[in-house]
$ cat target_14.cif   # mmCIF, C-alpha atoms and all ligand atoms
data_coords
loop_
_atom_site.label_atom_id
_atom_site.label_comp_id
_atom_site.auth_asym_id
_atom_site.auth_seq_id
_atom_site.Cartn_x
_atom_site.Cartn_y
_atom_site.Cartn_z
CA MET A 174 -23.19 -16.23 -4.71
CA GLU A 175 -22.45 -14.27 -7.87
CA GLU A 176 -26.12 -13.25 -7.94
CA LYS A 177 -26.27 -12.20 -4.31
CA VAL A 178 -23.17 -10.02 -4.75
CA SER A 179 -24.62 -8.45 -7.86
CA GLU A 180 -27.81 -7.74 -5.95
CA ILE A 181 -25.90 -6.05 -3.12
CA VAL A 182 -23.89 -3.96 -5.58
CA GLN A 183 -27.09 -2.91 -7.37
CA GLY A 184 -28.55 -1.95 -3.99
CA TYR A 185 -25.87 0.75 -3.89
CA GLY A 186 -26.59 1.80 -7.45
CA GLY A 187 -23.26 0.32 -8.59
CA ASP A 188 -21.50 3.33 -7.07
CA LYS A 189 -17.77 2.67 -6.62
CA SER A 190 -17.54 4.97 -3.63
CA TYR A 191 -19.63 2.46 -1.65
CA LEU A 192 -16.95 -0.21 -1.93
CA VAL A 193 -16.52 -0.55 1.85
CA PRO A 194 -20.25 -0.81 2.76
CA ILE A 195 -20.71 -3.25 -0.11
CA MET A 196 -17.90 -5.40 1.23
CA GLN A 197 -19.42 -5.20 4.71
CA ASP A 198 -22.78 -6.40 3.37
CA VAL A 199 -21.18 -9.22 1.42
CA GLN A 200 -19.25 -10.30 4.49
CA LYS A 201 -22.43 -10.21 6.56
CA GLU A 202 -24.13 -12.41 3.99
CA PHE A 203 -21.43 -15.08 3.73
CA GLY A 204 -19.61 -14.69 7.05
CA TYR A 205 -16.35 -13.78 5.35
CA LEU A 206 -14.96 -12.48 2.08
CA SER A 207 -14.05 -15.43 -0.07
CA ARG A 208 -11.83 -15.07 -3.08
CA ASP A 209 -14.85 -15.60 -5.34
CA ALA A 210 -16.81 -12.97 -3.44
CA LEU A 211 -13.99 -10.43 -3.86
CA THR A 212 -13.72 -11.26 -7.54
CA ALA A 213 -17.47 -10.85 -7.95
CA ILE A 214 -17.42 -7.48 -6.16
CA SER A 215 -14.59 -6.36 -8.43
CA ALA A 216 -16.42 -7.45 -11.58
CA ASN A 217 -19.80 -6.05 -10.59
CA LEU A 218 -18.49 -2.73 -9.39
CA GLY A 219 -15.81 -2.24 -12.03
CA VAL A 220 -13.10 -1.74 -9.40
CA PRO A 221 -9.84 -3.61 -10.11
CA ILE A 222 -9.33 -6.70 -7.97
CA SER A 223 -6.00 -5.24 -6.84
CA ARG A 224 -7.90 -2.38 -5.23
CA VAL A 225 -10.57 -4.62 -3.69
CA TYR A 226 -7.88 -6.90 -2.26
CA GLU A 227 -6.08 -3.85 -0.87
CA VAL A 228 -9.19 -2.68 1.00
CA ALA A 229 -10.08 -6.21 2.16
CA THR A 230 -6.66 -6.76 3.71
CA PHE A 231 -6.38 -3.24 5.14
CA TYR A 232 -9.34 -3.29 7.50
CA LYS A 233 -9.30 -5.68 10.42
CA ALA A 234 -13.08 -5.87 10.22
CA PHE A 235 -12.80 -7.84 6.98
CA SER A 236 -11.91 -11.50 7.05
CA LEU A 237 -10.62 -13.43 4.07
CA LYS A 238 -11.01 -16.69 5.95
CA PRO A 239 -14.24 -18.32 7.13
CA LYS A 240 -15.13 -17.37 10.69
CA GLY A 241 -16.41 -19.58 13.47
CA ARG A 242 -20.05 -19.63 14.59
CA HIS A 243 -19.11 -17.62 17.66
CA HIS A 244 -16.98 -14.56 17.27
CA ILE A 245 -14.93 -13.29 20.19
CA SER A 246 -13.06 -10.00 20.04
CA LEU A 247 -10.88 -8.93 22.90
CA CYS A 248 -9.84 -5.31 23.24
CA MET A 249 -6.08 -4.86 23.45
CA GLY A 250 -6.20 -1.08 23.52
CA THR A 251 -3.96 0.67 26.04
CA ALA A 252 -6.55 0.93 28.81
CA CYS A 253 -7.73 -2.67 28.49
CA HIS A 254 -4.16 -3.87 28.16
CA VAL A 255 -3.01 -2.34 31.44
CA ARG A 256 -6.04 -3.84 33.15
CA GLY A 257 -5.06 -7.35 32.24
CA ALA A 258 -6.34 -8.03 28.73
CA GLU A 259 -3.13 -9.97 28.10
CA LEU A 260 -4.03 -12.51 30.81
CA ILE A 261 -7.53 -12.84 29.41
CA SER A 262 -6.08 -13.43 25.96
CA GLY A 263 -3.99 -16.25 27.41
CA ASN A 264 -7.07 -17.73 29.04
CA ILE A 265 -9.05 -17.65 25.79
CA THR A 266 -6.19 -19.28 23.91
CA ASP A 267 -5.92 -21.98 26.61
CA MET A 268 -9.62 -22.73 26.54
CA LEU A 269 -10.31 -22.53 22.80
CA LYS A 270 -6.88 -23.71 21.66
CA ILE A 271 -6.73 -20.90 19.14
CA LYS A 272 -4.53 -17.83 18.97
CA ASP A 273 -5.33 -14.27 17.96
CA GLY A 274 -6.83 -14.24 14.46
CA GLU A 275 -7.55 -17.95 14.34
CA THR A 276 -10.69 -20.06 14.05
CA SER A 277 -11.14 -23.38 15.81
CA ALA A 278 -11.02 -26.51 13.65
CA ASP A 279 -14.67 -27.31 14.40
CA MET A 280 -15.60 -23.84 13.08
CA GLU A 281 -17.27 -23.02 16.39
CA TYR A 282 -15.07 -20.13 17.59
CA SER A 283 -13.06 -17.30 16.13
CA PHE A 284 -10.86 -15.17 18.32
CA GLU A 285 -9.22 -11.88 17.54
CA THR A 286 -7.77 -8.96 19.42
CA VAL A 287 -8.76 -5.46 18.40
CA GLY A 288 -7.65 -1.91 19.13
CA CYS A 289 -9.46 0.42 21.52
CA LEU A 290 -13.23 -0.03 21.29
CA GLY A 291 -13.88 3.39 22.79
CA ALA A 292 -15.28 2.19 26.09
CA CYS A 293 -12.07 2.23 28.10
CA ALA A 294 -13.81 2.96 31.41
CA LEU A 295 -15.40 -0.48 31.17
CA GLY A 296 -12.19 -2.31 30.29
CA PRO A 297 -11.11 -4.96 29.79
CA ILE A 298 -13.76 -5.51 27.16
CA ILE A 299 -14.81 -8.57 25.20
CA VAL A 300 -17.26 -8.45 22.34
CA ALA A 301 -18.87 -11.84 21.94
CA ASP A 302 -21.20 -12.27 18.96
CA GLY A 303 -21.72 -8.53 18.88
CA GLU A 304 -22.49 -8.19 22.57
CA TYR A 305 -20.24 -6.08 24.81
CA HIS A 306 -18.98 -7.50 28.09
CA GLY A 307 -17.14 -5.04 30.33
CA GLU A 308 -14.82 -5.35 33.34
CA MET A 309 -13.75 -8.80 32.28
CA ASN A 310 -11.35 -11.03 34.12
CA ILE A 311 -10.27 -14.63 33.74
CA ALA A 312 -13.14 -16.09 35.77
CA LYS A 313 -15.78 -14.09 33.91
CA THR A 314 -14.20 -15.00 30.58
CA THR A 315 -14.32 -18.70 31.45
CA LYS A 316 -17.99 -18.32 32.35
CA LEU A 317 -18.72 -16.47 29.12
CA LEU A 318 -17.05 -19.13 26.97
CA LYS A 319 -18.98 -21.85 28.81
CA LYS A 320 -22.18 -19.95 28.13
CA LEU A 321 -21.25 -19.95 24.45
CA GLY A 322 -21.18 -23.72 24.62
CA LYS A 323 -17.50 -24.42 25.32
CA LYS A 324 -17.22 -27.70 27.22
CA VAL A 325 -14.37 -27.89 29.71
CA MET B 200 3.62 35.10 -13.33
CA VAL B 201 4.87 35.24 -9.77
CA ASN B 202 8.21 36.34 -8.37
CA LEU B 203 9.92 34.24 -5.79
CA THR B 204 13.35 33.58 -4.36
CA ILE B 205 15.00 30.18 -4.18
CA ASP B 206 18.38 30.02 -2.46
CA ASN B 207 18.75 33.81 -2.80
CA ARG B 208 18.09 33.67 -6.53
CA LYS B 209 15.26 35.77 -7.88
CA ILE B 210 13.07 33.60 -10.06
CA GLN B 211 9.94 34.15 -12.12
CA ALA B 212 7.52 31.28 -12.37
CA GLU B 213 4.11 30.38 -13.63
CA GLU B 214 1.38 30.35 -11.04
CA GLY B 215 0.22 26.86 -10.04
CA GLN B 216 3.65 25.29 -10.44
CA THR B 217 5.19 23.57 -7.46
CA ILE B 218 8.43 24.66 -5.81
CA LEU B 219 10.03 21.44 -7.06
CA ASP B 220 9.03 22.10 -10.68
CA VAL B 221 10.37 25.64 -10.56
CA ALA B 222 13.58 24.67 -8.77
CA ARG B 223 14.34 21.94 -11.30
CA LYS B 224 13.58 24.20 -14.23
CA ASN B 225 16.15 26.60 -12.80
CA GLY B 226 18.83 24.00 -12.28
CA ILE B 227 18.40 23.69 -8.53
CA THR B 228 18.54 20.07 -7.41
CA ILE B 229 16.16 18.79 -4.78
CA PRO B 230 16.32 15.09 -3.98
CA THR B 231 13.10 13.12 -4.50
CA LEU B 232 12.01 9.52 -4.28
CA CYS B 233 8.27 9.39 -4.81
CA HIS B 234 8.10 12.01 -7.55
CA ASN B 235 7.53 11.21 -11.20
CA ASP B 236 6.66 13.76 -13.85
CA ALA B 237 4.07 11.44 -15.38
CA LEU B 238 2.03 11.36 -12.17
CA GLU B 239 0.37 13.80 -9.81
CA PRO B 240 2.64 14.49 -6.81
CA SER B 241 1.71 12.44 -3.77
CA GLY B 242 4.04 13.71 -1.04
CA SER B 243 4.77 10.34 0.46
CA CYS B 244 8.55 10.22 0.86
CA ARG B 245 9.36 13.70 2.25
CA MET B 246 12.83 13.71 0.76
CA CYS B 247 11.97 16.85 -1.18
CA SER B 248 11.48 18.95 1.94
CA VAL B 249 12.54 22.60 1.71
CA GLU B 250 12.23 25.57 4.01
CA ILE B 251 9.98 28.51 3.18
CA GLY B 252 9.63 31.90 4.84
CA GLU B 253 12.20 33.64 6.97
CA GLY B 254 13.21 33.96 10.60
CA ALA B 255 10.84 32.61 13.21
CA ARG B 256 8.10 32.02 10.67
CA ALA B 257 10.15 29.77 8.47
CA LYS B 258 8.70 26.31 8.05
CA VAL B 259 9.48 23.08 6.29
CA VAL B 260 7.20 22.01 3.44
CA THR B 261 7.23 19.30 0.78
CA SER B 262 8.36 21.02 -2.39
CA CYS B 263 6.68 18.52 -4.72
CA LEU B 264 3.27 19.61 -3.40
CA TYR B 265 3.76 23.24 -2.42
CA PRO B 266 2.64 25.77 -5.03
CA VAL B 267 4.78 28.83 -5.67
CA ALA B 268 3.37 32.23 -4.73
CA GLU B 269 4.29 35.89 -5.09
CA GLY B 270 7.10 36.82 -2.71
CA LEU B 271 7.77 33.27 -1.57
CA VAL B 272 11.23 32.75 -0.11
CA VAL B 273 12.57 29.22 -0.43
CA ASN B 274 15.70 27.74 1.04
CA SER B 275 16.42 24.34 -0.45
CA GLY B 276 19.52 23.48 1.52
CA SER B 277 19.35 25.07 4.98
CA GLU B 278 20.60 23.21 8.05
CA ARG B 279 17.01 22.54 9.04
CA VAL B 280 16.22 21.09 5.63
CA LYS B 281 19.31 18.92 5.73
CA ASN B 282 18.26 17.66 9.14
CA VAL B 283 14.82 16.68 7.93
CA ARG B 284 16.28 14.90 4.93
CA ARG B 285 18.85 13.18 7.10
CA THR B 286 16.18 11.80 9.42
CA VAL B 287 13.95 10.74 6.54
CA MET B 288 16.87 9.00 4.89
CA GLN B 289 17.92 7.29 8.13
CA LEU B 290 14.44 5.87 8.52
CA LEU B 291 14.28 4.74 4.92
CA LEU B 292 17.73 3.16 5.12
CA ALA B 293 16.59 1.26 8.20
CA ARG B 294 13.41 0.24 6.39
CA SER B 295 15.21 -0.97 3.28
CA PRO B 296 18.86 -1.59 4.09
CA GLU B 297 19.29 -3.75 1.00
CA SER B 298 18.32 -1.14 -1.54
CA GLU B 299 21.35 -0.10 -3.54
CA GLN B 300 19.54 2.90 -4.97
CA LEU B 301 18.76 4.26 -1.51
CA ALA B 302 22.31 3.62 -0.35
CA ARG B 303 23.63 5.50 -3.37
CA MET B 304 21.33 8.44 -2.76
CA ALA B 305 22.34 8.55 0.91
CA GLU B 306 25.97 8.50 -0.13
CA ASP B 307 25.40 11.40 -2.53
CA LEU B 308 23.75 13.37 0.27
CA GLY B 309 26.59 12.52 2.63
CA ILE B 310 24.31 10.53 4.93
CA HIS B 311 25.58 7.39 6.66
CA PRO B 312 23.37 4.85 8.40
CA GLU B 313 23.34 5.45 12.15
CA PRO B 314 23.21 2.50 14.52
CA ARG B 315 20.33 4.00 16.53
CA PHE B 316 18.03 3.14 13.62
CA LYS B 317 17.90 -0.63 13.64
CA PRO B 318 17.86 -2.02 10.09
CA SER B 319 14.83 -4.08 9.18
CA GLU B 320 15.50 -7.75 8.56
CA ASP B 321 12.61 -8.60 6.30
CA GLY B 322 14.70 -8.11 3.15
CA SER B 323 12.17 -5.77 1.57
CA LYS B 324 13.51 -2.83 -0.39
CA CYS B 325 10.05 -1.26 -0.64
CA ILE B 326 9.51 2.11 1.04
CA LEU B 327 5.76 1.98 0.29
CA CYS B 328 5.78 5.14 -1.82
CA ARG B 329 3.05 3.73 -4.10
CA LEU B 330 4.70 5.03 -7.26
CA CYS B 331 4.51 1.59 -8.93
CA VAL B 332 0.83 1.10 -8.06
CA ARG B 333 -0.09 4.51 -9.37
CA THR B 334 1.96 4.06 -12.53
CA CYS B 335 0.29 0.74 -13.31
CA GLU B 336 -3.11 2.29 -12.67
CA THR B 337 -2.90 5.69 -14.34
CA VAL B 338 -0.09 5.45 -16.88
CA VAL B 339 -0.37 1.84 -18.01
CA GLY B 340 -4.09 1.61 -17.25
CA VAL B 341 -3.95 -1.94 -15.96
CA SER B 342 -4.07 -1.85 -12.13
CA ALA B 343 -2.44 -5.24 -11.72
CA ILE B 344 -0.79 -4.44 -8.39
CA GLY B 345 -1.72 -2.82 -5.10
CA PHE B 346 -0.81 -2.70 -1.46
CA SER B 347 -2.01 -5.31 0.97
CA PHE B 348 -2.35 -5.46 4.73
CA ARG B 349 -1.30 -2.63 7.03
CA GLY B 350 1.35 -1.64 9.54
CA PRO B 351 4.52 -3.70 9.50
CA GLU B 352 2.95 -6.31 7.19
CA LYS B 353 2.04 -3.78 4.53
CA ASN B 354 3.52 -4.68 1.17
CA VAL B 355 3.08 -4.19 -2.52
CA CYS B 356 1.82 -7.23 -4.41
CA THR B 357 -0.47 -8.72 -6.98
CA PRO B 358 -3.89 -9.71 -5.59
CA PHE B 359 -3.68 -12.83 -3.38
CA HIS B 360 0.09 -12.79 -3.98
CA GLU B 361 -0.49 -14.83 -7.11
CA SER B 362 0.64 -14.17 -10.63
CA SER B 363 -1.73 -11.70 -12.22
CA ASN B 364 -3.59 -12.52 -15.41
CA ILE B 365 -4.07 -8.86 -16.29
CA CYS B 366 -0.44 -7.74 -15.87
CA ILE B 367 1.06 -7.16 -19.33
CA GLY B 368 4.67 -7.46 -18.22
CA CYS B 369 5.51 -3.96 -19.38
CA GLY B 370 7.92 -3.39 -16.51
CA ALA B 371 6.82 0.21 -15.96
CA CYS B 372 6.36 -0.46 -12.26
CA ALA B 373 9.92 -1.75 -11.97
CA SER B 374 11.38 1.16 -13.86
CA VAL B 375 9.70 3.84 -11.72
CA CYS B 376 10.51 2.15 -8.41
CA PRO B 377 13.05 4.37 -6.64
CA THR B 378 14.50 1.55 -4.52
CA GLY B 379 14.84 -1.40 -6.88
CA HIS B 380 12.28 -3.46 -4.99
CA ILE B 381 10.46 -4.86 -8.01
CA GLU B 382 12.43 -7.62 -9.62
CA MET B 383 12.39 -8.14 -13.33
CA HIS B 384 14.48 -10.88 -14.94
CA VAL B 385 15.15 -11.73 -18.53
CA SER B 386 16.14 -15.20 -19.74
CA PRO B 387 19.67 -15.49 -21.21
CA SER B 388 18.36 -15.51 -24.80
CA GLY B 389 15.95 -12.67 -24.05
CA ASP B 390 12.84 -14.61 -25.05
CA VAL B 391 11.23 -14.64 -21.59
CA ARG B 392 10.78 -11.83 -19.10
CA THR B 393 9.77 -12.62 -15.52
CA ILE B 394 8.05 -10.06 -13.32
CA TRP B 395 5.65 -10.39 -10.38
CA GLY B 396 6.15 -14.16 -10.47
CA ARG B 397 4.94 -14.58 -14.02
CA ASP B 398 6.80 -15.42 -17.22
CA PHE B 399 6.07 -13.31 -20.28
CA LYS B 400 6.93 -14.46 -23.76
CA MET B 401 8.85 -11.71 -25.52
CA ALA B 402 8.09 -10.68 -29.06
CA ALA B 403 10.96 -10.58 -31.55
CA CYS B 404 11.28 -7.57 -33.84
CA SER B 405 10.08 -8.52 -37.31
CA LYS B 406 13.02 -6.62 -38.87
CA CYS B 407 16.06 -7.30 -36.69
CA GLY B 408 14.88 -10.25 -34.61
CA LEU B 409 15.68 -8.59 -31.26
CA TYR B 410 13.38 -9.51 -28.38
CA PHE B 411 11.99 -6.14 -27.40
CA ALA B 412 8.63 -6.32 -25.60
CA PRO B 413 6.27 -8.87 -24.07
CA GLU B 414 3.65 -10.17 -26.50
CA ASP B 415 0.97 -9.40 -23.93
CA GLN B 416 2.01 -5.78 -23.86
CA LEU B 417 1.82 -5.47 -27.66
CA THR B 418 -1.59 -7.16 -27.70
CA TYR B 419 -2.73 -4.73 -25.03
CA ILE B 420 -1.43 -1.68 -26.92
CA SER B 421 -2.97 -2.93 -30.15
CA GLY B 422 -6.31 -3.42 -28.41
CA ARG B 423 -6.25 0.06 -26.90
CA THR B 424 -4.96 2.01 -29.87
CA GLY B 425 -6.31 -0.02 -32.78
CA VAL B 426 -2.83 -0.19 -34.33
CA PRO B 427 -2.52 -3.62 -35.99
CA MET B 428 -0.13 -6.11 -34.36
CA GLU B 429 2.11 -6.34 -37.46
CA GLU B 430 2.97 -2.66 -37.11
CA LEU B 431 3.77 -3.02 -33.43
CA MET B 432 6.09 -5.96 -34.02
CA VAL B 433 8.95 -3.62 -34.93
CA CYS B 434 11.43 -2.54 -32.23
CA SER B 435 12.13 1.13 -31.66
CA SER B 436 15.50 1.13 -33.39
CA CYS B 437 14.05 -0.40 -36.57
CA ARG B 438 11.06 1.90 -36.70
S1 LIG A 501 4.53 -4.97 -15.43
FE1 LIG A 501 2.44 -5.51 -14.81
S2 LIG A 501 2.25 -4.66 -12.75
FE2 LIG A 501 4.03 -3.65 -13.68
S3 LIG A 501 3.20 -1.77 -14.58
FE3 LIG A 501 3.20 -3.33 -16.20
S4 LIG A 501 1.15 -4.21 -16.08
FE4 LIG A 501 1.44 -3.12 -14.16
S1 LIG A 502 7.81 -1.23 -4.89
FE1 LIG A 502 9.02 0.61 -5.26
S2 LIG A 502 7.63 2.02 -6.31
FE2 LIG A 502 6.37 0.40 -5.39
S3 LIG A 502 5.75 1.23 -3.41
FE3 LIG A 502 7.62 0.03 -3.07
S4 LIG A 502 9.29 1.51 -3.23
FE4 LIG A 502 7.49 2.49 -4.11
S1 LIG A 503 -8.65 0.29 25.46
FE1 LIG A 503 -10.22 -1.18 25.41
S2 LIG A 503 -11.92 0.08 25.06
FE2 LIG A 503 -10.34 1.54 25.05
S1 LIG A 504 9.14 13.79 -3.73
FE1 LIG A 504 8.02 15.12 -2.49
S2 LIG A 504 7.34 13.84 -0.92
FE2 LIG A 504 8.37 12.43 -2.24
#

$ encode --input "target_14.cif" --output "structure tokens" --more "lines below"
Ligand code: SF4
Ligand code: SF4
Ligand code: FES
Ligand code: FES
Amino acid sequence: MEEKVSEIVQGYGGDKSYLVPIMQDVQKEFGYLSRDALTAISANLGVPISRVYEVATFYKAFSLKPKGRHHISLCMGTACHVRGAELISGNITDMLKIKDGETSADMEYSFETVGCLGACALGPIIVADGEYHGEMNIAKTTKLLKKLGKKV
Amino acid sequence: MVNLTIDNRKIQAEEGQTILDVARKNGITIPTLCHNDALEPSGSCRMCSVEIGEGARAKVVTSCLYPVAEGLVVNSGSERVKNVRRTVMQLLLARSPESEQLARMAEDLGIHPEPRFKPSEDGSKCILCRLCVRTCETVVGVSAIGFSFRGPEKNVCTPFHESSNICIGCGACASVCPTGHIEMHVSPSGDVRTIWGRDFKMAACSKCGLYFAPEDQLTYISGRTGVPMEELMVCSSCR
């Protein structure tokens, strides 16, 4: 891992101002930002670990915990919220038995709510493994989760 | 040199200085929380607000950031200024109701907590001014602490909320903190100092035997300055 991180940092010429993209690349590589990964970024880039930790915990896009194989983000922005995102959130929690920000014990699913995704006209929106699904409701969400392999 | 007026007093000041600098140099008190002479101003607390300009064009600015200019008219205690400070203080008091320092400052400014600002119950005295983080980074040169998370969860901490192996226990962060959030304890005999969840062994002065600084801090200073440890092992009163 140490080596991979060093390689990514070198890819950015060791430039401290690329801290965020470097962290994004490291997260892409390992699925999340482990403590060792953060320490390696800090050491390779010469940015104090206190600063790396600050950035890692600030952005919702970074995860310090391992994520499930399938990643479900539900928009809880104002527009999606008023169109029933709350109900969908309840449905997801019922089906996957995980709450906002959690990962299922079998490491299959992670669920999180996010702020406005900038496509309010299509709300409520779910992003499942990077793919956008608009005008969601409970029935469509159930179907989507089944398609992702959830047995009910 | 520029000529300006603060509270109807004509004052001459060096260009590039801030209103706060000039006011203080001329004996005019402006309350501040996030300001420290050893650091660049950051403008995060807004307690230092003053009014500049006159009549309809008057506006409120942060004096710790605002540079003086020729003909500038400053009012450091107008009703409007007092209102801004009152609101800022109300919010901070609600944020950190347990801070004695804040309470004292409010008292001095004649501000009393209003019930419409519901006091926070998380027990934190931190107003997130970042003074401690910046001091540790730029003055001490260690960067052992930082903020973590965002929004209501935002807090100041060591990475992973664990005791830091680079912190030298100098206590600079605790001494600059305007609210008393950072706790530093000393054992009854003075041989151990505890800060950020870690115990630091204190060094005893080689002349008088008084415990005066953490060993880690002396090692750090010796490493940075090249001054041998034996010379550093003497407390300031014996030097
Ligand atoms: S006590 Fe530790 S955290 Fe505080 S300023 Fe000193 S080195 Fe930094
Ligand atoms: S601990 Fe004190 S100095 Fe540090 S950010 Fe909080 S209030 Fe400011
Ligand atoms: S509120 Fe969901 S996309 Fe804007
Ligand atoms: S002292 Fe000016 S904003 Fe804090």

$ interface_residues --input "target_14.cif" --of "chain B" --to "chain A" --cutoff "10 Å" --atoms "only C-alpha atoms" --output "number ranges by chain"
B: 332, 336, 341-350, 353-359, 363, 365

$ residues_near_ligand --input "target_14.cif" --ligand "ligand LIG 501 (chain A)" --cutoff "10 Å" --atoms "all atoms listed in the file" --output "PyMOL selection string"
chain B and resi 331-345+356-357+362-375+381+383+392-395+397+399+413+415-416+419

$ residues_around --input "target_14.cif" --residues "B:Val433" --least-positions-apart "4" --cutoff "9 Å" --atoms "only C-alpha atoms" --output "MDAnalysis selection string"
chainID B and resid 403:408 411 429 437:438

$ closest_residue --input "target_14.cif" --among "B:Gly242, B:Gly215, B:Pro351, B:Gly254" --to "ligand LIG 504 (chain A)" --atoms "only C-alpha atoms and all ligand atoms"
B:Gly242

$ residues_near_ligand --input "target_14.cif" --ligand "ligand LIG 502 (chain A)" --cutoff "6 Å" --atoms "all atoms listed in the file" --output "JSON, numbers by chain"
{"B": [325, 326, 327, 328, 329, 330, 331, 376, 377, 378, 380, 381]}

$ write_last_selection --input "target_14.cif" --atoms "C-alpha atoms" --output "PDB file, keeping the file's coordinate frame"
ATOM      1  CA  CYS B 325      10.050  -1.260  -0.640  1.00  0.00           C
ATOM      2  CA  ILE B 326       9.510   2.110   1.040  1.00  0.00           C
ATOM      3  CA  LEU B 327       5.760   1.980   0.290  1.00  0.00           C
ATOM      4  CA  CYS B 328       5.780   5.140  -1.820  1.00  0.00           C
ATOM      5  CA  ARG B 329       3.050   3.730  -4.100  1.00  0.00           C
ATOM      6  CA  LEU B 330       4.700   5.030  -7.260  1.00  0.00           C
ATOM      7  CA  CYS B 331       4.510   1.590  -8.930  1.00  0.00           C
ATOM      8  CA  CYS B 376      10.510   2.150  -8.410  1.00  0.00           C
ATOM      9  CA  PRO B 377      13.050   4.370  -6.640  1.00  0.00           C
ATOM     10  CA  THR B 378      14.500   1.550  -4.520  1.00  0.00           C
ATOM     11  CA  HIS B 380      12.280  -3.460  -4.990  1.00  0.00           C
ATOM     12  CA  ILE B 381      10.460  -4.860  -8.010  1.00  0.00           C
TER      13      ILE B 381
END

$ closest_atom_pairs --input "target_14.cif" --of "chain B" --to "ligand LIG 504 (chain A)" --cutoff "6 Å" --atoms "all atoms listed in the file" --output "CSV"
residue,atom,partner,partner_atom,distance
B:Thr231,CA,A:LIG504,S1,4.1
B:Leu232,CA,A:LIG504,FE2,5.1
B:Cys233,CA,A:LIG504,FE2,4.0
B:His234,CA,A:LIG504,S1,4.3
B:Gly242,CA,A:LIG504,S2,3.3
B:Ser243,CA,A:LIG504,S2,4.6
B:Cys244,CA,A:LIG504,FE2,3.8
B:Arg245,CA,A:LIG504,S2,3.8
B:Met246,CA,A:LIG504,FE2,5.5
B:Cys247,CA,A:LIG504,FE1,4.5
B:Thr261,CA,A:LIG504,FE1,5.4
B:Ser262,CA,A:LIG504,FE1,5.9
B:Cys263,CA,A:LIG504,FE1,4.3

$ residues_near_ligand --input "target_14.cif" --ligand "ligand LIG 503 (chain A)" --cutoff "8 Å" --atoms "only C-alpha atoms and all ligand atoms" --output "NGL selection string"
:A and (248-254 or 288-298)

$ residues_around --input "target_14.cif" --residues "A:Val182" --least-positions-apart "2" --cutoff "12 Å" --atoms "all atoms listed in the file" --output "JSON, numbers by chain"
{"A": [175, 176, 177, 178, 179, 180, 184, 185, 186, 187, 188, 189, 190, 191, 192, 193, 194, 195, 196, 197, 198, 199, 210, 211, 213, 214, 215, 216, 217, 218, 219, 220]}

$ decode --input "target_14.cif" --residues "stretch 222-231 of chain A" --atoms "N, CA, C and O atoms" --output "short mmCIF file (atom, residue, chain, number, x, y, z; two decimals), in the first residue's frame"
data_model
loop_
_atom_site.label_atom_id
_atom_site.label_comp_id
_atom_site.auth_asym_id
_atom_site.auth_seq_id
_atom_site.Cartn_x
_atom_site.Cartn_y
_atom_site.Cartn_z
N ILE A 222 0.00 15.08 9.47
CA ILE A 222 -1.16 14.17 9.55
C ILE A 222 -2.38 14.91 10.10
O ILE A 222 -3.52 14.62 9.71
N SER A 223 -2.15 15.91 10.96
CA SER A 223 -3.29 16.67 11.49
C SER A 223 -4.05 17.35 10.35
O SER A 223 -5.27 17.44 10.37
N ARG A 224 -3.31 17.83 9.37
CA ARG A 224 -3.94 18.51 8.24
C ARG A 224 -4.63 17.50 7.32
O ARG A 224 -5.72 17.73 6.81
N VAL A 225 -4.00 16.36 7.08
CA VAL A 225 -4.59 15.33 6.23
C VAL A 225 -5.89 14.81 6.87
O VAL A 225 -6.91 14.66 6.19
N TYR A 226 -5.84 14.59 8.17
CA TYR A 226 -7.02 14.11 8.89
C TYR A 226 -8.15 15.13 8.81
O TYR A 226 -9.32 14.79 8.65
N GLU A 227 -7.77 16.41 8.90
CA GLU A 227 -8.75 17.49 8.83
C GLU A 227 -9.50 17.46 7.49
O GLU A 227 -10.72 17.54 7.44
N VAL A 228 -8.74 17.32 6.41
CA VAL A 228 -9.33 17.30 5.08
C VAL A 228 -10.17 16.03 4.89
O VAL A 228 -11.27 16.06 4.36
N ALA A 229 -9.64 14.90 5.38
CA ALA A 229 -10.33 13.62 5.21
C ALA A 229 -11.68 13.61 5.92
O ALA A 229 -12.65 13.04 5.42
N THR A 230 -11.76 14.27 7.08
CA THR A 230 -13.02 14.26 7.82
C THR A 230 -13.95 15.38 7.37
O THR A 230 -15.14 15.33 7.63
N PHE A 231 -13.40 16.39 6.69
CA PHE A 231 -14.22 17.52 6.26
C PHE A 231 -15.15 17.15 5.11
O PHE A 231 -16.34 17.44 5.13
#
